[in-house]
file my_file-v3.pdb (PDB, C-alpha atoms and all ligand atoms)
MODEL        1
ATOM      1  CA  MET R   1     177.379 124.897 150.614  1.00  0.00           C
ATOM      2  CA  ALA R   2     180.506 126.242 152.274  1.00  0.00           C
ATOM      3  CA  LEU R   3     182.971 125.340 154.961  1.00  0.00           C
ATOM      4  CA  LEU R   4     183.000 127.907 157.768  1.00  0.00           C
ATOM      5  CA  THR R   5     185.930 128.932 159.967  1.00  0.00           C
ATOM      6  CA  VAL R   6     185.651 127.595 163.525  1.00  0.00           C
ATOM      7  CA  ARG R   7     186.529 130.248 166.132  1.00  0.00           C
ATOM      8  CA  THR R   8     188.938 129.154 168.860  1.00  0.00           C
ATOM      9  CA  LEU R   9     189.510 129.851 172.543  1.00  0.00           C
ATOM     10  CA  GLY R  10     190.239 133.531 173.176  1.00  0.00           C
ATOM     11  CA  ASP R  11     187.744 134.726 170.566  1.00  0.00           C
ATOM     12  CA  PRO R  12     185.219 136.854 172.521  1.00  0.00           C
ATOM     13  CA  ILE R  13     182.257 135.467 170.543  1.00  0.00           C
ATOM     14  CA  LEU R  14     182.723 132.179 172.429  1.00  0.00           C
ATOM     15  CA  ARG R  15     181.983 134.060 175.683  1.00  0.00           C
ATOM     16  CA  THR R  16     178.939 135.949 174.365  1.00  0.00           C
ATOM     17  CA  LYS R  17     175.342 134.959 175.099  1.00  0.00           C
ATOM     18  CA  ALA R  18     173.757 134.296 171.716  1.00  0.00           C
ATOM     19  CA  ALA R  19     170.513 136.007 170.663  1.00  0.00           C
ATOM     20  CA  PRO R  20     167.292 134.123 169.886  1.00  0.00           C
ATOM     21  CA  VAL R  21     166.528 133.597 166.202  1.00  0.00           C
ATOM     22  CA  ALA R  22     163.470 135.572 165.060  1.00  0.00           C
ATOM     23  CA  THR R  23     163.599 135.162 161.265  1.00  0.00           C
ATOM     24  CA  PHE R  24     163.307 131.782 159.592  1.00  0.00           C
ATOM     25  CA  ASP R  25     164.500 132.407 156.061  1.00  0.00           C
ATOM     26  CA  ASP R  26     166.763 130.938 153.371  1.00  0.00           C
ATOM     27  CA  GLU R  27     169.772 132.588 154.989  1.00  0.00           C
ATOM     28  CA  LEU R  28     169.166 130.697 158.237  1.00  0.00           C
ATOM     29  CA  ARG R  29     168.656 127.419 156.358  1.00  0.00           C
ATOM     30  CA  ALA R  30     171.869 127.984 154.351  1.00  0.00           C
ATOM     31  CA  LEU R  31     173.792 128.667 157.583  1.00  0.00           C
ATOM     32  CA  ALA R  32     172.463 125.426 159.106  1.00  0.00           C
ATOM     33  CA  GLU R  33     173.556 123.487 155.990  1.00  0.00           C
ATOM     34  CA  ASP R  34     177.001 125.095 156.071  1.00  0.00           C
ATOM     35  CA  MET R  35     177.304 124.229 159.777  1.00  0.00           C
ATOM     36  CA  HIS R  36     176.446 120.587 159.042  1.00  0.00           C
ATOM     37  CA  GLU R  37     179.114 120.526 156.341  1.00  0.00           C
ATOM     38  CA  THR R  38     181.663 122.201 158.639  1.00  0.00           C
ATOM     39  CA  MET R  39     180.874 119.779 161.502  1.00  0.00           C
ATOM     40  CA  ALA R  40     181.233 116.754 159.211  1.00  0.00           C
ATOM     41  CA  ALA R  41     184.525 118.030 157.776  1.00  0.00           C
ATOM     42  CA  ALA R  42     186.077 118.832 161.176  1.00  0.00           C
ATOM     43  CA  PRO R  43     185.064 116.089 162.054  1.00  0.00           C
ATOM     44  CA  GLY R  44     182.740 116.716 164.978  1.00  0.00           C
ATOM     45  CA  VAL R  45     179.473 115.552 166.494  1.00  0.00           C
ATOM     46  CA  GLY R  46     177.998 118.981 167.169  1.00  0.00           C
ATOM     47  CA  LEU R  47     178.446 122.663 166.360  1.00  0.00           C
ATOM     48  CA  ALA R  48     176.886 125.875 167.680  1.00  0.00           C
ATOM     49  CA  ALA R  49     176.466 129.028 165.599  1.00  0.00           C
ATOM     50  CA  PRO R  50     178.769 131.216 167.776  1.00  0.00           C
ATOM     51  CA  GLN R  51     181.603 128.797 166.977  1.00  0.00           C
ATOM     52  CA  VAL R  52     181.346 129.894 163.336  1.00  0.00           C
ATOM     53  CA  GLY R  53     181.048 133.571 164.197  1.00  0.00           C
ATOM     54  CA  ARG R  54     177.232 133.907 164.314  1.00  0.00           C
ATOM     55  CA  PRO R  55     175.962 134.942 167.794  1.00  0.00           C
ATOM     56  CA  ILE R  56     172.525 133.322 167.360  1.00  0.00           C
ATOM     57  CA  ARG R  57     170.790 130.391 169.074  1.00  0.00           C
ATOM     58  CA  LEU R  58     171.237 127.686 166.472  1.00  0.00           C
ATOM     59  CA  LEU R  59     172.964 124.310 166.801  1.00  0.00           C
ATOM     60  CA  VAL R  60     173.529 121.230 164.687  1.00  0.00           C
ATOM     61  CA  PHE R  61     174.367 117.710 165.809  1.00  0.00           C
ATOM     62  CA  ASP R  62     175.176 114.287 164.411  1.00  0.00           C
ATOM     63  CA  SER R  63     176.079 111.635 166.963  1.00  0.00           C
ATOM     64  CA  GLY R  64     176.612 109.034 164.258  1.00  0.00           C
ATOM     65  CA  GLU R  65     173.606 107.005 165.440  1.00  0.00           C
ATOM     66  CA  GLU R  66     170.531 106.618 163.242  1.00  0.00           C
ATOM     67  CA  GLY R  67     168.019 109.437 163.789  1.00  0.00           C
ATOM     68  CA  GLU R  68     170.495 111.455 165.840  1.00  0.00           C
ATOM     69  CA  ARG R  69     171.322 114.128 163.257  1.00  0.00           C
ATOM     70  CA  GLY R  70     169.547 117.466 163.222  1.00  0.00           C
ATOM     71  CA  THR R  71     169.285 121.203 163.714  1.00  0.00           C
ATOM     72  CA  ILE R  72     167.651 123.016 166.627  1.00  0.00           C
ATOM     73  CA  VAL R  73     166.855 126.720 166.758  1.00  0.00           C
ATOM     74  CA  ASN R  74     166.317 128.484 170.111  1.00  0.00           C
ATOM     75  CA  PRO R  75     166.840 125.240 172.076  1.00  0.00           C
ATOM     76  CA  VAL R  76     165.911 125.046 175.748  1.00  0.00           C
ATOM     77  CA  ILE R  77     166.592 122.112 178.058  1.00  0.00           C
ATOM     78  CA  THR R  78     163.312 121.676 179.893  1.00  0.00           C
ATOM     79  CA  ALA R  79     164.339 118.651 181.983  1.00  0.00           C
ATOM     80  CA  PHE R  80     167.618 117.158 183.229  1.00  0.00           C
ATOM     81  CA  SER R  81     167.792 113.635 184.672  1.00  0.00           C
ATOM     82  CA  GLU R  82     169.037 113.311 188.238  1.00  0.00           C
ATOM     83  CA  GLU R  83     171.297 110.564 186.964  1.00  0.00           C
ATOM     84  CA  THR R  84     174.630 111.824 185.663  1.00  0.00           C
ATOM     85  CA  GLN R  85     177.432 110.357 183.604  1.00  0.00           C
ATOM     86  CA  GLU R  86     181.098 111.293 183.356  1.00  0.00           C
ATOM     87  CA  ALA R  87     182.695 111.045 179.915  1.00  0.00           C
ATOM     88  CA  GLU R  88     185.522 112.635 177.963  1.00  0.00           C
ATOM     89  CA  GLU R  89     184.632 115.660 175.847  1.00  0.00           C
ATOM     90  CA  GLY R  90     186.399 117.657 173.219  1.00  0.00           C
ATOM     91  CA  CYS R  91     185.558 120.951 171.582  1.00  0.00           C
ATOM     92  CA  LEU R  92     186.255 122.089 168.042  1.00  0.00           C
ATOM     93  CA  SER R  93     187.025 125.538 169.506  1.00  0.00           C
ATOM     94  CA  ILE R  94     189.702 124.086 171.831  1.00  0.00           C
ATOM     95  CA  PRO R  95     191.603 121.745 169.525  1.00  0.00           C
ATOM     96  CA  GLY R  96     193.508 118.950 171.209  1.00  0.00           C
ATOM     97  CA  ALA R  97     191.901 119.311 174.662  1.00  0.00           C
ATOM     98  CA  TYR R  98     189.968 116.299 175.954  1.00  0.00           C
ATOM     99  CA  TYR R  99     188.794 116.124 179.566  1.00  0.00           C
ATOM    100  CA  PRO R 100     186.110 114.269 181.520  1.00  0.00           C
ATOM    101  CA  VAL R 101     182.910 116.209 182.196  1.00  0.00           C
ATOM    102  CA  VAL R 102     179.941 115.211 184.361  1.00  0.00           C
ATOM    103  CA  ARG R 103     176.622 115.833 182.579  1.00  0.00           C
ATOM    104  CA  ALA R 104     173.012 114.783 183.011  1.00  0.00           C
ATOM    105  CA  LEU R 105     172.538 111.352 181.422  1.00  0.00           C
ATOM    106  CA  ARG R 106     169.194 112.353 179.890  1.00  0.00           C
ATOM    107  CA  VAL R 107     167.676 115.662 178.846  1.00  0.00           C
ATOM    108  CA  HIS R 108     164.454 116.851 177.259  1.00  0.00           C
ATOM    109  CA  VAL R 109     164.970 119.674 174.761  1.00  0.00           C
ATOM    110  CA  GLN R 110     162.381 121.980 173.217  1.00  0.00           C
ATOM    111  CA  GLY R 111     163.048 124.315 170.314  1.00  0.00           C
ATOM    112  CA  LEU R 112     162.191 125.060 166.710  1.00  0.00           C
ATOM    113  CA  ASP R 113     163.245 123.617 163.382  1.00  0.00           C
ATOM    114  CA  VAL R 114     164.678 125.768 160.577  1.00  0.00           C
ATOM    115  CA  GLU R 115     161.142 126.487 159.323  1.00  0.00           C
ATOM    116  CA  GLY R 116     160.146 127.803 162.749  1.00  0.00           C
ATOM    117  CA  ALA R 117     158.005 124.774 163.651  1.00  0.00           C
ATOM    118  CA  PRO R 118     158.149 123.546 167.274  1.00  0.00           C
ATOM    119  CA  LEU R 119     160.167 120.420 167.980  1.00  0.00           C
ATOM    120  CA  GLU R 120     160.951 118.356 171.069  1.00  0.00           C
ATOM    121  CA  ARG R 121     163.534 115.663 171.712  1.00  0.00           C
ATOM    122  CA  ASP R 122     164.359 113.236 174.461  1.00  0.00           C
ATOM    123  CA  ALA R 123     168.066 112.479 174.414  1.00  0.00           C
ATOM    124  CA  GLU R 124     170.256 110.079 176.349  1.00  0.00           C
ATOM    125  CA  GLY R 125     173.959 109.336 176.555  1.00  0.00           C
ATOM    126  CA  LEU R 126     176.152 110.860 173.855  1.00  0.00           C
ATOM    127  CA  LEU R 127     173.314 112.813 172.226  1.00  0.00           C
ATOM    128  CA  ALA R 128     172.277 114.286 175.585  1.00  0.00           C
ATOM    129  CA  ARG R 129     175.920 115.258 176.161  1.00  0.00           C
ATOM    130  CA  ILE R 130     176.252 116.882 172.741  1.00  0.00           C
ATOM    131  CA  LEU R 131     173.063 118.921 173.237  1.00  0.00           C
ATOM    132  CA  GLN R 132     174.200 120.110 176.688  1.00  0.00           C
ATOM    133  CA  HIS R 133     177.630 121.043 175.270  1.00  0.00           C
ATOM    134  CA  GLU R 134     176.128 122.951 172.309  1.00  0.00           C
ATOM    135  CA  ILE R 135     173.505 124.771 174.393  1.00  0.00           C
ATOM    136  CA  ASP R 136     176.312 125.815 176.751  1.00  0.00           C
ATOM    137  CA  HIS R 137     178.045 127.366 173.712  1.00  0.00           C
ATOM    138  CA  LEU R 138     174.908 129.460 173.111  1.00  0.00           C
ATOM    139  CA  ASP R 139     175.300 130.828 176.658  1.00  0.00           C
ATOM    140  CA  GLY R 140     179.034 131.546 176.318  1.00  0.00           C
ATOM    141  CA  ILE R 141     179.971 128.519 178.420  1.00  0.00           C
ATOM    142  CA  LEU R 142     182.782 126.149 177.411  1.00  0.00           C
ATOM    143  CA  PHE R 143     183.265 122.578 178.591  1.00  0.00           C
ATOM    144  CA  ILE R 144     186.453 123.578 180.417  1.00  0.00           C
ATOM    145  CA  ASP R 145     184.239 125.683 182.725  1.00  0.00           C
ATOM    146  CA  ARG R 146     182.574 122.479 183.911  1.00  0.00           C
ATOM    147  CA  LEU R 147     185.667 120.484 184.844  1.00  0.00           C
ATOM    148  CA  ALA R 148     186.270 119.181 188.354  1.00  0.00           C
ATOM    149  CA  PRO R 149     188.646 121.571 190.207  1.00  0.00           C
ATOM    150  CA  GLU R 150     191.750 119.385 189.959  1.00  0.00           C
ATOM    151  CA  VAL R 151     191.153 118.595 186.285  1.00  0.00           C
ATOM    152  CA  ARG R 152     190.457 122.255 185.666  1.00  0.00           C
ATOM    153  CA  LYS R 153     193.852 123.218 187.110  1.00  0.00           C
ATOM    154  CA  GLU R 154     195.573 120.741 184.821  1.00  0.00           C
ATOM    155  CA  ALA R 155     193.576 122.015 181.832  1.00  0.00           C
ATOM    156  CA  MET R 156     194.428 125.660 182.612  1.00  0.00           C
ATOM    157  CA  ARG R 157     198.112 124.790 182.740  1.00  0.00           C
ATOM    158  CA  ALA R 158     197.975 122.826 179.498  1.00  0.00           C
ATOM    159  CA  LEU R 159     196.030 125.535 177.675  1.00  0.00           C
ATOM    160  CA  ARG R 160     198.387 128.271 178.857  1.00  0.00           C
ATOM    161  CA  ASP R 161     201.315 126.172 177.647  1.00  0.00           C
ATOM    162  CA  GLN R 162     199.666 126.054 174.240  1.00  0.00           C
ATOM    163  CA  ASP R 163     199.045 129.157 172.177  1.00  0.00           C
ATOM    164  CA  PHE R 164     195.827 130.164 173.901  1.00  0.00           C
ATOM    165  CA  GLY R 165     197.609 132.725 176.127  1.00  0.00           C
ATOM    166  CA  GLN R 166     196.592 133.835 179.620  1.00  0.00           C
ATOM    167  CA  ASP R 167     193.218 135.372 179.069  1.00  0.00           C
ATOM    168  CA  PHE R 168     190.786 132.873 177.656  1.00  0.00           C
ATOM    169  CA  GLY R 169     188.052 133.726 180.128  1.00  0.00           C
ATOM    170  CA  MET R 170     187.678 130.732 182.441  1.00  0.00           C
ATOM    171  CA  LYS R 171     184.226 130.911 183.999  1.00  0.00           C
ATOM    172  CA  ALA R 172     182.555 129.244 186.904  1.00  0.00           C
ATOM    173  CA  ALA R 173     179.657 127.001 185.912  1.00  0.00           C
ATOM    174  CA  PRO R 174     176.456 129.085 185.956  1.00  0.00           C
ATOM    175  CA  PRO R 175     174.248 128.944 189.069  1.00  0.00           C
ATOM    176  CA  ASN R 176     171.033 127.969 187.231  1.00  0.00           C
ATOM    177  CA  ARG R 177     172.265 124.431 186.613  1.00  0.00           C
ATOM    178  CA  ARG R 178     172.560 121.516 188.961  1.00  0.00           C
ATOM    179  CA  LEU R 179     175.647 120.182 187.157  1.00  0.00           C
TER     180      LEU R 179
HETATM  181  O1  LIG R 201     180.763 121.849 169.884  1.00  0.00           O
HETATM  182  C1  LIG R 201     181.861 121.381 169.602  1.00  0.00           C
HETATM  183  O2  LIG R 201     182.889 121.945 169.909  1.00  0.00           O
HETATM  184  C2  LIG R 201     181.932 120.077 168.869  1.00  0.00           C
HETATM  185  C3  LIG R 201     182.276 118.931 169.792  1.00  0.00           C
HETATM  186  C4  LIG R 201     180.977 118.395 170.367  1.00  0.00           C
HETATM  187  C5  LIG R 201     181.053 117.433 171.507  1.00  0.00           C
HETATM  188  C6  LIG R 201     182.021 116.456 171.583  1.00  0.00           C
HETATM  189  C7  LIG R 201     182.024 115.559 172.640  1.00  0.00           C
HETATM  190  C8  LIG R 201     181.063 115.634 173.603  1.00  0.00           C
HETATM  191  C9  LIG R 201     180.119 116.602 173.534  1.00  0.00           C
HETATM  192  C10 LIG R 201     180.097 117.505 172.479  1.00  0.00           C
HETATM  193  C11 LIG R 201     183.004 117.857 168.975  1.00  0.00           C
HETATM  194  O3  LIG R 201     182.441 117.299 168.094  1.00  0.00           O
HETATM  195  S1  LIG R 201     184.651 117.524 169.379  1.00  0.00           S
HETATM  196  C12 LIG R 201     185.080 116.210 168.251  1.00  0.00           C
HETATM  197  C13 LIG R 201     184.496 114.890 168.619  1.00  0.00           C
HETATM  198  O4  LIG R 201     183.994 114.713 169.701  1.00  0.00           O
HETATM  199  C14 LIG R 201     184.511 113.781 167.633  1.00  0.00           C
HETATM  200  C15 LIG R 201     185.181 113.868 166.468  1.00  0.00           C
HETATM  201  C16 LIG R 201     185.176 112.805 165.574  1.00  0.00           C
HETATM  202  C17 LIG R 201     184.488 111.653 165.863  1.00  0.00           C
HETATM  203  C18 LIG R 201     183.820 111.554 167.040  1.00  0.00           C
HETATM  204  C19 LIG R 201     183.814 112.613 167.940  1.00  0.00           C
HETATM  205 ZN    ZN R 202     182.502 122.952 171.801  1.00  0.00          ZN
ENDMDL
END

call {"tool": "encode", "arguments": {"input": "my_file-v3.pdb", "output": "C-alpha cells"}}
result
Amino acid sequence: MALLTVRTLGDPILRTKAAPVATFDDELRALAEDMHETMAAAPGVGLAAPQVGRPIRLLVFDSGEEGERGTIVNPVITAFSEETQEAEEGCLSIPGAYYPVVRALRVHVQGLDVEGAPLERDAEGLLARILQHEIDHLDGILFIDRLAPEVRKEAMRALRDQDFGQDFGMKAAPPNRRL
C-alpha cells in the first residue's frame, strides 16, 4: 500500500472529465486500496481518482458510520431527492476552505465494484453528500462551483489571497443538475 499525493486547486486534472473504467485488474484494486489509505491519512471522508492524478471514474468513501465505507467504479446518480440540505463541506484539494453547500438529502447511486460487479446504494445525509461531492470530482466540478453567489464571492477572494493564484477555473454548476 502507498500514500498518494493529493492534487490541489489549479491542477488541470481537477477540471478534467474522468474516463470510465474498462479494465478491472489488480492495478485498479491496488489504486483503490492506496486511495483508501490516502483518504484515511489525510484525514478525509471521500476521495476521487482525479484527486490523486488518475483521470478515471473511481471513488472511495468512509463516512465513519458502520457500513458506510466502500469503493465505487463508474458511479452514476440515478435519483436525487427533492429534499435538500445545506451543510459545510471541505475538499482535500482545497485545503483550509470550508463553505456551506446545498445538496440533495438522499441519492440513489449505481455503479460497479472493483471486480466489475454491479452495485447500488441508497445514501442519505453525510454519505449522500460525500457521494455527490466525489462524483462531481469525476466531472471536473469542485464544491466551490456550487456555492451560493455571495458565499462564492467570499470564497474567490479568500482563495486568491491564498496561494491558489487567479486562475483556478471557477465554473458555473452544470445545467444537468437541479442543485
Ligand atoms: O473529496 C474530497 O476532497 C474529500 C472531502 C470529502 C467531503 C467532505 C465533506 C463533505 C463532502 C465530501 C473530505 O473528506 S474533506 C475532510 C473532511 O471532511 C473530514 C476530515 C476529517 C474528519 C471528518 C471530515
Ligand atoms: Zn473534494

call {"tool": "residues_around", "arguments": {"input": "my_file-v3.pdb", "residues": "Glu82 of chain R", "least_positions_apart": "2", "cutoff": "8 Å", "atoms": "all atoms listed in the file", "output": "list in words"}}
result
Phe80, Thr84, Ala104 and Leu105 of chain R

call {"tool": "residues_around", "arguments": {"input": "my_file-v3.pdb", "residues": "Ala128 of chain R", "least_positions_apart": "5", "cutoff": "6 Å", "atoms": "only C-alpha atoms", "output": "compact mmCIF listing (two decimals) with C-alpha atoms, in the frame of the given file"}}
result
# COMPACT_ATOMS: atom_id res chain seq x y z
CA ARG R 106 169.19 112.35 179.89
CA VAL R 107 167.68 115.66 178.85
CA ALA R 123 168.07 112.48 174.41

call {"tool": "residues_near_ligand", "arguments": {"input": "my_file-v3.pdb", "ligand": "ligand LIG 201 (chain R)", "cutoff": "7 Å", "atoms": "only C-alpha atoms and all ligand atoms", "output": "PyMOL selection string"}}
result
chain R and resi 43-48+88-93+126+129-130+133-134

call {"tool": "residues_around", "arguments": {"input": "my_file-v3.pdb", "residues": "Ala49 of chain R", "least_positions_apart": "5", "cutoff": "12 Å", "atoms": "all atoms listed in the file", "output": "PDB file with C-alpha atoms, in the coordinates of the input"}}
result
ATOM      1  CA  LEU R   4     183.000 127.907 157.768  1.00  0.00           C
ATOM      2  CA  THR R   5     185.930 128.932 159.967  1.00  0.00           C
ATOM      3  CA  VAL R   6     185.651 127.595 163.525  1.00  0.00           C
ATOM      4  CA  ARG R   7     186.529 130.248 166.132  1.00  0.00           C
ATOM      5  CA  ILE R  13     182.257 135.467 170.543  1.00  0.00           C
ATOM      6  CA  LEU R  14     182.723 132.179 172.429  1.00  0.00           C
ATOM      7  CA  THR R  16     178.939 135.949 174.365  1.00  0.00           C
ATOM      8  CA  LYS R  17     175.342 134.959 175.099  1.00  0.00           C
ATOM      9  CA  ALA R  18     173.757 134.296 171.716  1.00  0.00           C
ATOM     10  CA  ALA R  19     170.513 136.007 170.663  1.00  0.00           C
ATOM     11  CA  PRO R  20     167.292 134.123 169.886  1.00  0.00           C
ATOM     12  CA  VAL R  21     166.528 133.597 166.202  1.00  0.00           C
ATOM     13  CA  LEU R  28     169.166 130.697 158.237  1.00  0.00           C
ATOM     14  CA  LEU R  31     173.792 128.667 157.583  1.00  0.00           C
ATOM     15  CA  ALA R  32     172.463 125.426 159.106  1.00  0.00           C
ATOM     16  CA  GLU R  33     173.556 123.487 155.990  1.00  0.00           C
ATOM     17  CA  ASP R  34     177.001 125.095 156.071  1.00  0.00           C
ATOM     18  CA  MET R  35     177.304 124.229 159.777  1.00  0.00           C
ATOM     19  CA  HIS R  36     176.446 120.587 159.042  1.00  0.00           C
ATOM     20  CA  THR R  38     181.663 122.201 158.639  1.00  0.00           C
ATOM     21  CA  MET R  39     180.874 119.779 161.502  1.00  0.00           C
ATOM     22  CA  ARG R  54     177.232 133.907 164.314  1.00  0.00           C
ATOM     23  CA  PRO R  55     175.962 134.942 167.794  1.00  0.00           C
ATOM     24  CA  ILE R  56     172.525 133.322 167.360  1.00  0.00           C
ATOM     25  CA  ARG R  57     170.790 130.391 169.074  1.00  0.00           C
ATOM     26  CA  LEU R  58     171.237 127.686 166.472  1.00  0.00           C
ATOM     27  CA  LEU R  59     172.964 124.310 166.801  1.00  0.00           C
ATOM     28  CA  VAL R  60     173.529 121.230 164.687  1.00  0.00           C
ATOM     29  CA  PHE R  61     174.367 117.710 165.809  1.00  0.00           C
ATOM     30  CA  THR R  71     169.285 121.203 163.714  1.00  0.00           C
ATOM     31  CA  ILE R  72     167.651 123.016 166.627  1.00  0.00           C
ATOM     32  CA  VAL R  73     166.855 126.720 166.758  1.00  0.00           C
ATOM     33  CA  ASN R  74     166.317 128.484 170.111  1.00  0.00           C
ATOM     34  CA  SER R  93     187.025 125.538 169.506  1.00  0.00           C
ATOM     35  CA  GLU R 134     176.128 122.951 172.309  1.00  0.00           C
ATOM     36  CA  ILE R 135     173.505 124.771 174.393  1.00  0.00           C
ATOM     37  CA  ASP R 136     176.312 125.815 176.751  1.00  0.00           C
ATOM     38  CA  HIS R 137     178.045 127.366 173.712  1.00  0.00           C
ATOM     39  CA  LEU R 138     174.908 129.460 173.111  1.00  0.00           C
ATOM     40  CA  ASP R 139     175.300 130.828 176.658  1.00  0.00           C
ATOM     41  CA  GLY R 140     179.034 131.546 176.318  1.00  0.00           C
TER      42      GLY R 140
END

call {"tool": "closest_residue", "arguments": {"input": "my_file-v3.pdb", "among": "R:Gly70, R:Arg152, R:Ala87, R:Thr8", "to": "ligand ZN 202 (chain R)", "atoms": "all atoms listed in the file"}}
result
R:Thr8

call {"tool": "closest_residue", "arguments": {"input": "my_file-v3.pdb", "among": "R:Ala117, R:Leu127, R:Ala40, R:Phe143", "to": "Glu65 of chain R", "atoms": "only C-alpha atoms"}}
result
R:Leu127

call {"tool": "atom_distance", "arguments": {"input": "my_file-v3.pdb", "atom1": "atom CA of Ala42 of chain R", "atom2": "atom CA of Leu3 of chain R"}}
result
9.5 Å

call {"tool": "closest_residue", "arguments": {"input": "my_file-v3.pdb", "among": "R:Ile141, R:Val109, R:Ala79, R:Val114", "to": "ligand ZN 202 (chain R)", "atoms": "only C-alpha atoms and all ligand atoms"}}
result
R:Ile141

call {"tool": "atom_distance", "arguments": {"input": "my_file-v3.pdb", "atom1": "atom CA of Met156 of chain R", "atom2": "atom CA of Pro100 of chain R"}}
result
14.1 Å

call {"tool": "axis_aligned_box", "arguments": {"input": "my_file-v3.pdb", "around": "segment 137-152 of chain R", "padding_each_side": "8 Å", "output": "lines of an AutoDock Vina configuration file"}}
result
center_x = 183.3
center_y = 125.1
center_z = 181.7
size_x = 32.8
size_y = 29.0
size_z = 33.1

call {"tool": "closest_residue", "arguments": {"input": "my_file-v3.pdb", "among": "R:Val102, R:Leu142, R:Val52, R:Leu131", "to": "ligand ZN 202 (chain R)", "atoms": "all atoms listed in the file"}}
result
R:Leu142

call {"tool": "decode", "arguments": {"input": "my_file-v3.pdb", "residues": "segment 74-80 of chain R", "atoms": "all heavy atoms", "output": "mmCIF file, in the first residue's frame"}}
result
data_model
loop_
_atom_site.group_PDB
_atom_site.id
_atom_site.type_symbol
_atom_site.label_atom_id
_atom_site.label_comp_id
_atom_site.auth_asym_id
_atom_site.auth_seq_id
_atom_site.Cartn_x
_atom_site.Cartn_y
_atom_site.Cartn_z
ATOM 1 N N ASN R 74 -17.212 3.786 -11.894
ATOM 2 C CA ASN R 74 -18.207 4.283 -12.865
ATOM 3 C C ASN R 74 -19.544 4.619 -12.197
ATOM 4 O O ASN R 74 -20.622 4.197 -12.668
ATOM 5 C CB ASN R 74 -18.430 3.261 -13.985
ATOM 6 C CG ASN R 74 -17.162 2.992 -14.779
ATOM 7 O OD1 ASN R 74 -16.199 3.768 -14.719
ATOM 8 N ND2 ASN R 74 -17.134 1.910 -15.513
ATOM 9 N N PRO R 75 -19.515 5.386 -11.100
ATOM 10 C CA PRO R 75 -20.771 5.689 -10.393
ATOM 11 C C PRO R 75 -21.662 6.653 -11.177
ATOM 12 O O PRO R 75 -21.166 7.557 -11.858
ATOM 13 C CB PRO R 75 -20.280 6.363 -9.107
ATOM 14 C CG PRO R 75 -18.990 7.007 -9.496
ATOM 15 C CD PRO R 75 -18.365 6.071 -10.507
ATOM 16 N N VAL R 76 -22.965 6.411 -11.037
ATOM 17 C CA VAL R 76 -23.962 7.311 -11.647
ATOM 18 C C VAL R 76 -25.042 7.545 -10.599
ATOM 19 O O VAL R 76 -25.529 6.576 -9.992
ATOM 20 C CB VAL R 76 -24.606 6.676 -12.901
ATOM 21 C CG1 VAL R 76 -25.682 7.597 -13.478
ATOM 22 C CG2 VAL R 76 -23.556 6.361 -13.951
ATOM 23 N N ILE R 77 -25.415 8.803 -10.393
ATOM 24 C CA ILE R 77 -26.543 9.082 -9.501
ATOM 25 C C ILE R 77 -27.806 8.950 -10.333
ATOM 26 O O ILE R 77 -28.011 9.705 -11.289
ATOM 27 C CB ILE R 77 -26.425 10.481 -8.863
ATOM 28 C CG1 ILE R 77 -25.133 10.567 -8.032
ATOM 29 C CG2 ILE R 77 -27.646 10.772 -7.990
ATOM 30 C CD1 ILE R 77 -24.879 11.916 -7.379
ATOM 31 N N THR R 78 -28.630 7.970 -9.984
ATOM 32 C CA THR R 78 -29.826 7.713 -10.790
ATOM 33 C C THR R 78 -31.060 8.382 -10.201
ATOM 34 O O THR R 78 -32.100 8.435 -10.854
ATOM 35 C CB THR R 78 -30.060 6.196 -10.945
ATOM 36 O OG1 THR R 78 -30.078 5.610 -9.648
ATOM 37 C CG2 THR R 78 -28.960 5.562 -11.776
ATOM 38 N N ALA R 79 -30.981 8.853 -8.962
ATOM 39 C CA ALA R 79 -32.105 9.601 -8.378
ATOM 40 C C ALA R 79 -31.593 10.547 -7.300
ATOM 41 O O ALA R 79 -30.740 10.176 -6.492
ATOM 42 C CB ALA R 79 -33.126 8.640 -7.783
ATOM 43 N N PHE R 80 -32.135 11.771 -7.328
ATOM 44 C CA PHE R 80 -31.868 12.789 -6.303
ATOM 45 C C PHE R 80 -33.188 13.053 -5.577
ATOM 46 O O PHE R 80 -34.230 13.169 -6.227
ATOM 47 C CB PHE R 80 -31.457 14.124 -6.939
ATOM 48 C CG PHE R 80 -30.147 14.110 -7.680
ATOM 49 C CD1 PHE R 80 -30.089 13.759 -9.019
ATOM 50 C CD2 PHE R 80 -28.976 14.485 -7.040
ATOM 51 C CE1 PHE R 80 -28.887 13.763 -9.707
ATOM 52 C CE2 PHE R 80 -27.763 14.501 -7.728
ATOM 53 C CZ PHE R 80 -27.720 14.135 -9.061
#
